[in-house]
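Q: Dropping in work-v5.cif, which is mmCIF, C-alpha atoms and all ligand atoms:
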data_structure
loop_
_atom_site.label_atom_id
_atom_site.label_comp_id
_atom_site.auth_asym_id
_atom_site.auth_seq_id
_atom_site.Cartn_x
_atom_site.Cartn_y
_atom_site.Cartn_z
CA MET A 1 135.64 -177.40 -34.79
CA ARG A 2 133.47 -178.41 -31.92
CA ARG A 3 135.45 -176.26 -29.48
CA MET A 4 135.22 -173.32 -31.83
CA SER A 5 131.49 -173.53 -32.18
CA ARG A 6 131.25 -173.72 -28.43
CA THR A 7 133.27 -170.49 -28.17
CA VAL A 8 130.99 -168.89 -30.74
CA CYS A 9 128.05 -170.12 -28.71
CA ALA A 10 129.49 -168.65 -25.52
CA VAL A 11 130.10 -165.28 -27.20
CA PHE A 12 126.59 -165.35 -28.60
CA ALA A 13 125.17 -166.23 -25.19
CA ALA A 14 127.11 -163.41 -23.54
CA ALA A 15 125.82 -160.97 -26.16
CA LEU A 16 122.30 -162.25 -25.55
CA VAL A 17 122.64 -161.78 -21.79
CA MET A 18 123.81 -158.19 -22.35
CA ALA A 19 120.94 -157.56 -24.77
CA VAL A 20 118.42 -159.01 -22.32
CA ALA A 21 119.88 -156.88 -19.53
CA VAL A 22 118.82 -153.68 -21.28
CA ALA A 23 115.94 -155.08 -23.38
CA PRO A 24 113.64 -153.88 -24.79
CA ALA A 25 115.72 -150.75 -25.29
CA LEU A 26 116.14 -151.00 -29.03
CA ALA A 27 115.96 -147.28 -29.78
CA GLU A 28 119.17 -145.29 -30.03
CA PRO A 29 119.60 -142.06 -28.05
CA ILE A 30 118.22 -138.85 -29.54
CA ILE A 31 120.78 -136.08 -29.98
CA HIS A 32 119.50 -132.81 -28.52
CA ASP A 33 120.44 -129.27 -29.50
CA VAL A 34 123.40 -128.44 -27.26
CA ARG A 35 126.14 -126.32 -28.84
CA PRO A 36 129.46 -126.71 -26.97
CA GLY A 37 131.39 -123.49 -26.45
CA TYR A 38 135.09 -122.76 -25.95
CA GLY A 39 135.10 -124.19 -22.45
CA VAL A 40 134.31 -127.76 -23.49
CA THR A 41 137.48 -129.85 -23.44
CA GLY A 42 135.91 -133.26 -23.97
CA ILE A 43 132.64 -134.96 -24.88
CA GLY A 44 131.75 -138.50 -23.85
CA TRP A 45 128.71 -140.66 -23.17
CA ILE A 46 127.15 -141.89 -19.96
CA SER A 47 127.69 -145.41 -21.36
CA ASP A 48 131.43 -144.79 -20.89
CA TYR A 49 130.65 -145.57 -17.22
CA HIS A 50 128.41 -148.60 -17.88
CA ALA A 51 129.03 -150.26 -21.23
CA PRO A 52 125.68 -152.12 -21.57
CA LEU A 53 124.01 -148.71 -22.05
CA ARG A 54 125.96 -148.09 -25.26
CA GLY A 55 123.51 -147.55 -28.12
CA SER A 56 120.48 -147.62 -25.82
CA ALA A 57 117.79 -144.93 -25.56
CA VAL A 58 119.18 -143.68 -22.23
CA ASP A 59 122.70 -143.10 -23.50
CA THR A 60 123.41 -139.38 -23.36
CA ARG A 61 126.24 -136.96 -23.91
CA VAL A 62 128.52 -135.97 -21.04
CA TYR A 63 130.44 -132.70 -21.41
CA TYR A 64 133.77 -132.08 -19.69
CA LEU A 65 135.05 -128.56 -19.01
CA ASP A 66 138.55 -128.93 -17.58
CA SER A 67 140.58 -125.86 -16.56
CA LYS A 68 143.74 -127.99 -16.20
CA VAL A 69 144.20 -125.95 -13.00
CA GLU A 70 144.07 -128.00 -9.82
CA GLY A 71 140.74 -127.75 -8.03
CA PRO A 72 137.52 -129.58 -7.23
CA THR A 73 135.32 -131.45 -9.70
CA THR A 74 131.67 -130.36 -9.91
CA LEU A 75 128.91 -132.37 -11.60
CA VAL A 76 125.70 -130.75 -12.92
CA LEU A 77 122.77 -132.84 -14.17
CA GLY A 78 119.83 -131.31 -16.00
CA GLY A 79 116.87 -133.30 -17.26
CA THR A 80 116.63 -136.07 -14.69
CA HIS A 81 112.95 -135.24 -15.33
CA SER A 82 112.69 -134.11 -18.95
CA ASN A 83 109.73 -131.76 -18.35
CA GLU A 84 111.73 -129.76 -15.78
CA ILE A 85 113.36 -127.62 -18.40
CA ALA A 86 114.97 -124.83 -16.36
CA GLY A 87 117.55 -127.38 -15.22
CA ILE A 88 118.13 -128.48 -18.81
CA MET A 89 118.60 -124.83 -19.86
CA ALA A 90 120.98 -124.11 -16.95
CA ALA A 91 123.08 -127.15 -17.92
CA THR A 92 122.93 -126.17 -21.61
CA LEU A 93 124.13 -122.62 -20.83
CA LEU A 94 127.06 -124.04 -18.86
CA VAL A 95 128.08 -126.21 -21.84
CA GLU A 96 127.65 -123.36 -24.30
CA ARG A 97 129.17 -120.46 -22.33
CA ALA A 98 131.22 -121.51 -19.30
CA VAL A 99 135.02 -121.48 -19.42
CA VAL A 100 136.32 -123.16 -16.30
CA THR A 101 139.30 -121.46 -14.64
CA THR A 102 139.76 -123.65 -11.53
CA GLY A 103 139.07 -127.38 -11.28
CA ARG A 104 136.69 -129.25 -13.54
CA LEU A 105 133.02 -129.16 -14.45
CA ILE A 106 131.12 -132.18 -15.82
CA VAL A 107 127.69 -131.44 -17.29
CA VAL A 108 124.88 -133.71 -18.51
CA PRO A 109 121.99 -131.60 -19.89
CA TYR A 110 119.66 -134.56 -20.66
CA ALA A 111 120.25 -136.94 -17.75
CA ASN A 112 117.42 -139.28 -18.80
CA ALA A 113 117.46 -139.17 -22.60
CA SER A 114 114.63 -141.71 -22.79
CA GLY A 115 112.36 -139.34 -20.84
CA ALA A 116 113.25 -136.66 -23.40
CA SER A 117 112.24 -138.95 -26.28
CA TYR A 118 108.50 -138.44 -25.85
CA ALA A 119 106.05 -135.69 -24.91
CA ASP A 120 105.04 -134.98 -21.32
CA THR A 121 102.11 -137.22 -20.35
CA TYR A 122 100.25 -134.40 -18.55
CA HIS A 123 100.85 -131.73 -21.20
CA PRO A 124 101.44 -133.51 -24.52
CA GLU A 125 100.24 -130.35 -26.30
CA ILE A 126 103.50 -128.62 -25.38
CA GLY A 127 105.69 -131.19 -27.16
CA TYR A 128 108.49 -128.78 -27.92
CA TYR A 129 109.44 -125.23 -27.03
CA SER A 130 111.55 -122.83 -29.04
CA LEU A 131 113.87 -119.93 -28.41
CA THR A 132 115.17 -117.54 -31.06
CA THR A 133 118.87 -116.87 -30.58
CA GLU A 134 121.41 -115.06 -32.73
CA SER A 135 121.80 -118.32 -34.68
CA GLY A 136 118.06 -118.61 -35.42
CA VAL A 137 115.20 -120.62 -33.98
CA ARG A 138 116.28 -123.39 -31.63
CA VAL A 139 113.84 -126.14 -30.74
CA PHE A 140 113.95 -128.18 -27.52
CA ARG A 141 111.95 -131.17 -26.34
CA TYR A 142 109.46 -130.78 -23.50
CA GLY A 143 109.70 -134.40 -22.44
CA ASP A 144 108.26 -136.61 -19.73
CA ARG A 145 109.22 -137.17 -16.09
CA LEU A 146 109.78 -140.91 -16.63
CA THR A 147 111.73 -143.26 -18.87
CA ASN A 148 109.74 -144.10 -22.02
CA PRO A 149 107.79 -147.35 -21.41
CA GLU A 150 108.66 -148.37 -24.98
CA HIS A 151 112.29 -148.48 -23.91
CA GLN A 152 111.95 -150.19 -20.53
CA GLY A 153 108.90 -152.36 -21.02
CA PRO A 154 105.66 -152.48 -19.01
CA ASP A 155 105.66 -151.57 -15.32
CA ALA A 156 105.09 -154.21 -12.66
CA ASP A 157 102.50 -153.54 -9.92
CA LYS A 158 105.23 -152.56 -7.52
CA TYR A 159 108.72 -151.18 -7.84
CA ILE A 160 111.22 -152.21 -5.19
CA HIS A 161 114.09 -149.78 -4.75
CA TYR A 162 117.56 -151.31 -4.70
CA PRO A 163 119.26 -151.70 -2.27
CA SER A 164 116.88 -150.31 0.40
CA GLY A 165 113.95 -152.59 -0.46
CA GLN A 166 111.55 -149.64 -0.20
CA GLU A 167 108.30 -150.18 -2.13
CA PHE A 168 106.90 -147.72 -4.67
CA PRO A 169 104.05 -147.82 -7.22
CA GLY A 170 105.10 -149.68 -10.37
CA TYR A 171 105.54 -146.59 -12.59
CA GLU A 172 108.31 -145.32 -10.30
CA ALA A 173 110.50 -148.04 -11.81
CA ARG A 174 110.94 -145.53 -14.66
CA ASN A 175 111.85 -142.58 -12.42
CA LEU A 176 115.60 -141.89 -12.45
CA ASP A 177 115.22 -140.02 -9.17
CA ARG A 178 113.93 -143.15 -7.46
CA ALA A 179 116.67 -145.38 -8.90
CA HIS A 180 119.85 -144.08 -7.26
CA PRO A 181 122.43 -145.45 -6.52
CA GLY A 182 121.38 -147.84 -9.26
CA LYS A 183 121.88 -151.49 -10.09
CA ALA A 184 124.33 -152.78 -12.72
CA ASP A 185 121.98 -155.56 -13.87
CA GLY A 186 118.72 -153.81 -12.99
CA ASN A 187 116.08 -152.33 -15.26
CA LEU A 188 117.09 -149.68 -17.79
CA THR A 189 116.51 -146.76 -15.38
CA GLN A 190 118.40 -148.51 -12.56
CA GLN A 191 121.28 -149.13 -14.95
CA LEU A 192 121.29 -145.44 -15.88
CA ALA A 193 121.44 -144.51 -12.18
CA TYR A 194 124.28 -147.01 -11.76
CA ALA A 195 126.20 -145.26 -14.57
CA TYR A 196 125.91 -141.91 -12.73
CA HIS A 197 127.11 -143.57 -9.54
CA GLN A 198 130.14 -144.89 -11.43
CA LEU A 199 130.76 -141.45 -12.93
CA LEU A 200 130.74 -139.87 -9.46
CA LEU A 201 133.29 -142.41 -8.22
CA GLU A 202 135.54 -142.62 -11.29
CA GLU A 203 135.71 -138.85 -11.82
CA LYS A 204 136.12 -138.23 -8.07
CA VAL A 205 133.27 -135.71 -8.05
CA ASP A 206 133.47 -133.35 -5.05
CA VAL A 207 130.16 -131.51 -5.44
CA ALA A 208 127.09 -132.75 -7.37
CA PHE A 209 123.93 -130.91 -8.41
CA ASP A 210 120.72 -132.45 -9.78
CA LEU A 211 118.47 -129.74 -11.26
CA HIS A 212 114.68 -130.08 -11.03
CA GLU A 213 111.43 -128.14 -11.13
CA ALA A 214 108.16 -128.41 -9.21
CA GLY A 215 104.68 -126.87 -9.36
CA PRO A 216 104.68 -123.18 -8.30
CA THR A 217 102.50 -123.90 -5.26
CA SER A 218 104.46 -127.02 -4.27
CA ARG A 219 106.41 -127.00 -1.03
CA LEU A 220 109.42 -127.90 -3.15
CA ALA A 221 109.39 -124.86 -5.46
CA ASN A 222 112.47 -122.68 -4.87
CA MET A 223 114.08 -125.31 -2.69
CA VAL A 224 117.57 -126.65 -2.16
CA VAL A 225 117.57 -130.20 -0.85
CA ALA A 226 120.92 -131.21 0.60
CA ASN A 227 122.33 -134.45 1.89
CA PRO A 228 122.60 -134.07 5.70
CA LYS A 229 126.41 -134.28 5.52
CA ASN A 230 126.54 -131.05 3.47
CA ILE A 231 123.45 -129.17 4.73
CA ASP A 232 125.60 -126.37 6.25
CA PHE A 233 126.80 -125.29 2.81
CA ALA A 234 123.18 -125.10 1.57
CA VAL A 235 122.13 -122.97 4.55
CA MET A 236 125.01 -120.56 3.90
CA ALA A 237 124.04 -120.47 0.22
CA ILE A 238 120.42 -119.47 0.83
CA VAL A 239 121.53 -116.64 3.13
CA ASP A 240 123.86 -115.47 0.36
CA LEU A 241 121.01 -115.76 -2.19
CA GLU A 242 118.61 -113.82 0.03
CA MET A 243 121.10 -110.94 0.11
CA GLN A 244 120.91 -111.00 -3.70
CA GLY A 245 117.10 -110.86 -3.54
CA ILE A 246 116.65 -114.52 -4.49
CA VAL A 247 114.43 -116.37 -2.01
CA MET A 248 115.20 -120.08 -1.68
CA ASN A 249 114.35 -122.56 1.06
CA VAL A 250 116.46 -125.43 2.29
CA GLU A 251 115.82 -128.89 3.65
CA HIS A 252 117.85 -132.05 4.13
CA SER A 253 117.22 -135.41 2.48
CA SER A 254 114.61 -137.57 4.15
CA ASP A 255 116.07 -140.39 6.23
CA THR A 256 113.36 -142.80 5.13
CA PHE A 257 112.77 -141.93 1.46
CA HIS A 258 115.18 -143.69 -0.89
CA GLY A 259 116.38 -143.53 -4.46
CA LEU A 260 116.82 -139.76 -4.69
CA SER A 261 120.07 -138.30 -5.98
CA HIS A 262 120.84 -136.02 -3.01
CA ARG A 263 120.26 -138.89 -0.56
CA GLU A 264 122.05 -141.74 -2.35
CA TRP A 265 124.93 -139.86 -4.01
CA GLY A 266 125.76 -138.20 -0.71
CA ASP A 267 125.52 -141.48 1.21
CA THR A 268 127.38 -143.75 -1.22
CA THR A 269 130.06 -141.45 -2.68
CA PRO A 270 132.34 -138.74 -1.26
CA ALA A 271 130.40 -136.02 -3.19
CA ALA A 272 128.50 -133.25 -1.43
CA SER A 273 125.06 -133.64 -3.04
CA TYR A 274 122.35 -131.07 -3.76
CA LEU A 275 119.04 -130.98 -5.60
CA ILE A 276 117.63 -127.62 -6.73
CA GLU A 277 113.94 -126.97 -7.57
CA THR A 278 112.44 -123.98 -9.40
CA PRO A 279 108.71 -123.28 -10.05
CA ASN A 280 107.46 -124.57 -13.43
CA PRO A 281 103.96 -123.27 -14.43
CA ALA A 282 103.16 -126.49 -16.31
CA GLN A 283 103.57 -128.54 -13.14
CA ALA A 284 100.78 -126.68 -11.33
CA PRO A 285 97.81 -128.97 -10.68
CA ASN A 286 95.23 -128.54 -13.49
CA ALA A 287 97.35 -125.98 -15.36
CA ILE A 288 95.57 -124.89 -18.55
CA ASN A 289 97.68 -123.85 -21.56
CA PRO A 290 100.76 -123.20 -19.44
CA ASP A 291 103.50 -121.13 -21.08
CA VAL A 292 106.70 -122.87 -20.04
CA VAL A 293 108.93 -120.16 -21.56
CA ASN A 294 107.19 -116.78 -21.11
CA ASP A 295 105.01 -117.32 -18.04
CA LYS A 296 104.48 -113.87 -16.47
CA VAL A 297 105.24 -114.98 -12.91
CA ASN A 298 107.88 -117.65 -13.52
CA PRO A 299 109.57 -117.11 -16.90
CA LEU A 300 112.12 -119.70 -18.02
CA SER A 301 114.94 -117.13 -18.00
CA ARG A 302 114.45 -116.42 -14.31
CA ARG A 303 114.06 -120.09 -13.38
CA THR A 304 117.30 -120.84 -15.25
CA ALA A 305 119.03 -117.88 -13.57
CA THR A 306 117.88 -119.18 -10.17
CA HIS A 307 119.50 -122.57 -10.83
CA LEU A 308 122.77 -120.98 -11.88
CA ALA A 309 122.80 -118.48 -8.98
CA THR A 310 122.10 -121.29 -6.50
CA ILE A 311 124.90 -123.46 -7.86
CA ASP A 312 127.23 -120.47 -7.59
CA ALA A 313 126.13 -119.68 -4.02
CA VAL A 314 126.63 -123.29 -2.89
CA LEU A 315 130.10 -123.39 -4.46
CA ASN A 316 130.92 -120.06 -2.76
CA ALA A 317 129.98 -121.68 0.56
CA HIS A 318 132.36 -124.54 -0.26
CA GLU A 319 135.09 -122.03 -1.00
CA LEU A 320 134.50 -120.28 2.33
CA LEU A 321 134.53 -123.49 4.36
CA ASP A 322 136.83 -125.76 2.28
CA GLY A 323 139.01 -123.05 0.75
CA LYS A 324 138.32 -124.17 -2.82
CA ARG A 325 135.63 -124.39 -5.48
CA THR A 326 135.25 -125.08 -9.18
CA ARG A 327 135.27 -121.67 -10.82
CA TRP A 328 134.30 -120.46 -14.29
CA VAL A 329 133.75 -117.31 -16.32
CA GLY A 330 131.55 -116.57 -19.34
CA LEU A 331 128.06 -116.79 -17.87
CA PRO A 332 125.66 -113.87 -17.44
CA SER A 333 124.84 -112.68 -13.92
CA TYR A 334 121.42 -113.45 -12.43
CA GLU A 335 120.21 -109.92 -13.28
CA GLU A 336 121.58 -110.08 -16.84
CA LEU A 337 119.91 -113.40 -17.55
CA VAL A 338 116.59 -112.24 -16.06
CA SER A 339 116.54 -108.93 -17.94
CA ASP A 340 118.10 -109.95 -21.28
CA GLY A 341 116.51 -113.41 -21.54
CA LEU A 342 117.94 -116.85 -22.31
CA GLU A 343 117.86 -116.12 -26.05
CA GLU A 344 120.64 -113.58 -25.56
CA TYR A 345 123.07 -116.13 -24.12
CA LEU A 346 122.26 -119.44 -25.81
CA ARG A 347 124.39 -119.86 -28.92
ZN ZN B 401 112.07 -133.47 -10.75
#
What is this file in structure tokens?
A:
Amino acid sequence: MRRMSRTVCAVFAAALVMAVAVAPALAEPIIHDVRPGYGVTGIGWISDYHAPLRGSAVDTRVYYLDSKVEGPTTLVLGGTHSNEIAGIMAATLLVERAVVTTGRLIVVPYANASGASYADTYHPEIGYYSLTTESGVRVFRYGDRLTNPEHQGPDADKYIHYPSGQEFPGYEARNLDRAHPGKADGNLTQQLAYAYHQLLLEEKVDVAFDLHEAGPTSRLANMVVANPKNIDFAVMAIVDLEMQGIVMNVEHSSDTFHGLSHREWGDTTPAASYLIETPNPAQAPNAINPDVVNDKVNPLSRRTATHLATIDAVLNAHELLDGKRTRWVGLPSYEELVSDGLEEYLR
């Protein structure tokens, strides 16, 4: 009797420790409008790679597109920052339209689901954006850059990156792109980063892309940031893109700035790691009534097309130098997506 109650106690204590580890994340993940097409061969959760995240607000769907033909595995993350929607749309198009013919593609359209649970702090008036497809009006969240404070709890004065020890302002504790390679028993955002690190290792990812946006006048707009070990592929890719009339710049990860996907994934896993940035009108300083879909200079269709063309160009560089790439069919060309619009290709 006594022994049994002790066992019960131990189980209860273990459950409590797990709950505390992700507390106060009581909210469940929000399911976003992503409509898997014929190419999707499996759907999982990021918590499959780190069980304590199961049922938490950062749990998010992971889509697998497996050709069953031998070849490399490519990972694409949209929505690390939930207001950087061209990356979310590029990932969504891959899930909805791509049919992989060589190797395997793993796609996460809403990489930080907690960030996509609330409106952007700088432009809360946007809230949502909509696109009218053949199926009708589809509504998508214009979320925030950071994990929802209601899910992670209040920020400390300082955030110390693990394992580098680099110091950041406290709010950066909720930035997924300052949390890599993550910490299994860290805060909610660090645990999410840890889950992606586990995914990269367990799925033996060869090439990884993290899709972002930046203000149109930012140095980062139209940029490929590559881990130094795979910078050559990025340089080849931007030459290829320039011949297609798409102007992108390239730089390598900073040696002294930690927590970013391209830096930490490339350093701590075998994956070649890239981050792509397109210009988002709402991220301009002091933007007034920005139109995140139909901006005259930087429409969402073109920003999305730029992400997809850049991914393709980088993978072409891998094929040239490594002799292999993940390959798929079913997506519009850059020109088709720019001229016909996203609405034509989303389901
Ligand atoms: Zn970003």
Q: With all atoms listed in the file counted and 6 Å as the cut-off, give the residues of chain A in contact with ligand ZN 401 (chain B), each with its shortest interatomic distance in Å and the pair that gives it, as JSON lines.
A:
{"residue": "A:His81", "atom": "CA", "partner": "B:ZN401", "partner_atom": "ZN", "distance": 5.0}
{"residue": "A:His212", "atom": "CA", "partner": "B:ZN401", "partner_atom": "ZN", "distance": 4.3}
{"residue": "A:Glu213", "atom": "CA", "partner": "B:ZN401", "partner_atom": "ZN", "distance": 5.4}
Q: Counting only C-alpha atoms, figure out which residue out of A:Trp45, A:Lys229, A:Ala271, A:Glu28 gets nearest to Leu201 in chain A.
A: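 Smallest distance to Leu201 in chain A is found for A:Ala271.
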Q: Find the residue from A:Met89, A:Leu176, A:Met248, A:Ala113 that sits nearest to Ser261 in chain A; use all atoms listed in the file when measuring.
A: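 Closest candidate: A:Leu176.
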Q: Which is closest to Gly71 in chain A among A:His307, A:Arg104, A:Arg138, A:His151, if we use only C-alpha atoms?
A: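 Among the listed residues, the smallest separation from Gly71 in chain A belongs to A:Arg104.
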Q: To one decimal in Å, tell me the separation between CA of Ser56 in chain A and CA of Ile31 in chain A.
A: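 So the answer is 12.3 Å.
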Q: Taking 5 positions as the minimum chain separation for residues in the same chain, which residues sit within 12 Å of Ser254 in chain A when counting only C-alpha atoms? Answer as a PyMOL selection string.
A: chain A and resi 225-228+259-264+267
Q: Convert the current residue selection to file output with C-alpha atoms, as a JSON list (two decimals), in the coordinates of the input.
A:
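Below you can see again11.json, which holds the result:
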[["chain", "number", "residue", "atom", "x", "y", "z"],
["A", 225, "VAL", "CA", 117.57, -130.20, -0.85],
["A", 226, "ALA", "CA", 120.92, -131.21, 0.60],
["A", 227, "ASN", "CA", 122.33, -134.45, 1.89],
["A", 228, "PRO", "CA", 122.60, -134.07, 5.70],
["A", 259, "GLY", "CA", 116.38, -143.53, -4.46],
["A", 260, "LEU", "CA", 116.82, -139.76, -4.69],
["A", 261, "SER", "CA", 120.07, -138.30, -5.98],
["A", 262, "HIS", "CA", 120.84, -136.02, -3.01],
["A", 263, "ARG", "CA", 120.26, -138.89, -0.56],
["A", 264, "GLU", "CA", 122.05, -141.74, -2.35],
["A", 267, "ASP", "CA", 125.52, -141.48, 1.21]]
Q: Applying 10 Å and only C-alpha atoms, which residues near Glu134 in chain A remain after dropping the ones on its own chain fewer than 2 positions away? List them as a PyMOL selection string.
A: chain A and resi 131-132+136-138+343-347
Q: Can you tell me how far CA of Thr269 in chain A sits from CA of Ala195 in chain A, in Å to one decimal?
A: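 Pair CA of Thr269 in chain A / CA of Ala195 in chain A returns 13.1 Å.
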Q: If we count all atoms listed in the file, what is near Ser218 in chain A at a cut-off of 10 Å, once residues fewer than 5 positions away on the same chain are taken out, given as a ChimeraX atom specification?
A: /A:213,223,278-280,283-285
Q: Could you state the separation of CA of Ala208 in chain A and CA of Glu335 in chain A in Å, given to one decimal place?
A: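 CA of Glu335 in chain A lies 24.6 Å from CA of Ala208 in chain A.
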Q: Find the residue from A:Ala86, A:Ala51, A:Val100, A:Val314 that sits nearest to Tyr38 in chain A; use all atoms listed in the file when measuring.
A: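 Answer, going by the shortest atom-to-atom distance: A:Val100.
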Q: Add whatever atoms are absent from range 136-152 of chain A to reach N, CA and C atoms, and provide the output as a PDB file, keeping the file's coordinate frame.
A:
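The resulting file, selection_32.pdb, is reproduced below:
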ATOM      1  N   GLY A 136     119.354-118.237 -34.836  1.00  0.00           N
ATOM      2  CA  GLY A 136     118.060-118.610 -35.420  1.00  0.00           C
ATOM      3  C   GLY A 136     117.189-119.309 -34.400  1.00  0.00           C
ATOM      4  N   VAL A 137     116.145-119.974 -34.885  1.00  0.00           N
ATOM      5  CA  VAL A 137     115.200-120.620 -33.980  1.00  0.00           C
ATOM      6  C   VAL A 137     115.785-121.948 -33.505  1.00  0.00           C
ATOM      7  N   ARG A 138     115.818-122.119 -32.198  1.00  0.00           N
ATOM      8  CA  ARG A 138     116.280-123.390 -31.630  1.00  0.00           C
ATOM      9  C   ARG A 138     115.099-124.085 -30.965  1.00  0.00           C
ATOM     10  N   VAL A 139     114.991-125.378 -31.220  1.00  0.00           N
ATOM     11  CA  VAL A 139     113.840-126.140 -30.740  1.00  0.00           C
ATOM     12  C   VAL A 139     114.299-127.188 -29.732  1.00  0.00           C
ATOM     13  N   PHE A 140     113.594-127.255 -28.606  1.00  0.00           N
ATOM     14  CA  PHE A 140     113.950-128.180 -27.520  1.00  0.00           C
ATOM     15  C   PHE A 140     112.745-129.028 -27.147  1.00  0.00           C
ATOM     16  N   ARG A 141     112.998-130.240 -26.721  1.00  0.00           N
ATOM     17  CA  ARG A 141     111.950-131.170 -26.340  1.00  0.00           C
ATOM     18  C   ARG A 141     111.406-130.841 -24.955  1.00  0.00           C
ATOM     19  N   TYR A 142     110.080-130.811 -24.827  1.00  0.00           N
ATOM     20  CA  TYR A 142     109.460-130.780 -23.500  1.00  0.00           C
ATOM     21  C   TYR A 142     109.025-132.220 -23.229  1.00  0.00           C
ATOM     22  N   GLY A 143     109.879-132.956 -22.564  1.00  0.00           N
ATOM     23  CA  GLY A 143     109.700-134.400 -22.440  1.00  0.00           C
ATOM     24  C   GLY A 143     108.908-134.805 -21.210  1.00  0.00           C
ATOM     25  N   ASP A 144     109.024-136.056 -20.848  1.00  0.00           N
ATOM     26  CA  ASP A 144     108.260-136.610 -19.730  1.00  0.00           C
ATOM     27  C   ASP A 144     109.170-136.826 -18.508  1.00  0.00           C
ATOM     28  N   ARG A 145     108.522-136.944 -17.357  1.00  0.00           N
ATOM     29  CA  ARG A 145     109.220-137.170 -16.090  1.00  0.00           C
ATOM     30  C   ARG A 145     109.913-138.543 -16.057  1.00  0.00           C
ATOM     31  N   LEU A 146     109.348-139.512 -16.780  1.00  0.00           N
ATOM     32  CA  LEU A 146     109.780-140.910 -16.630  1.00  0.00           C
ATOM     33  C   LEU A 146     110.416-141.468 -17.904  1.00  0.00           C
ATOM     34  N   THR A 147     111.200-142.503 -17.742  1.00  0.00           N
ATOM     35  CA  THR A 147     111.730-143.260 -18.870  1.00  0.00           C
ATOM     36  C   THR A 147     110.569-143.723 -19.756  1.00  0.00           C
ATOM     37  N   ASN A 148     110.761-143.679 -21.056  1.00  0.00           N
ATOM     38  CA  ASN A 148     109.740-144.100 -22.020  1.00  0.00           C
ATOM     39  C   ASN A 148     109.417-145.589 -21.830  1.00  0.00           C
ATOM     40  N   PRO A 149     108.120-145.934 -21.597  1.00  0.00           N
ATOM     41  CA  PRO A 149     107.790-147.350 -21.410  1.00  0.00           C
ATOM     42  C   PRO A 149     108.168-148.217 -22.617  1.00  0.00           C
ATOM     43  N   GLU A 150     108.240-147.604 -23.786  1.00  0.00           N
ATOM     44  CA  GLU A 150     108.660-148.370 -24.980  1.00  0.00           C
ATOM     45  C   GLU A 150     110.113-148.813 -24.867  1.00  0.00           C
ATOM     46  N   HIS A 151     110.880-148.125 -24.053  1.00  0.00           N
ATOM     47  CA  HIS A 151     112.290-148.480 -23.910  1.00  0.00           C
ATOM     48  C   HIS A 151     112.542-149.445 -22.748  1.00  0.00           C
ATOM     49  N   GLN A 152     111.716-149.351 -21.715  1.00  0.00           N
ATOM     50  CA  GLN A 152     111.950-150.190 -20.530  1.00  0.00           C
ATOM     51  C   GLN A 152     111.007-151.382 -20.434  1.00  0.00           C
TER      52      GLN A 152
END
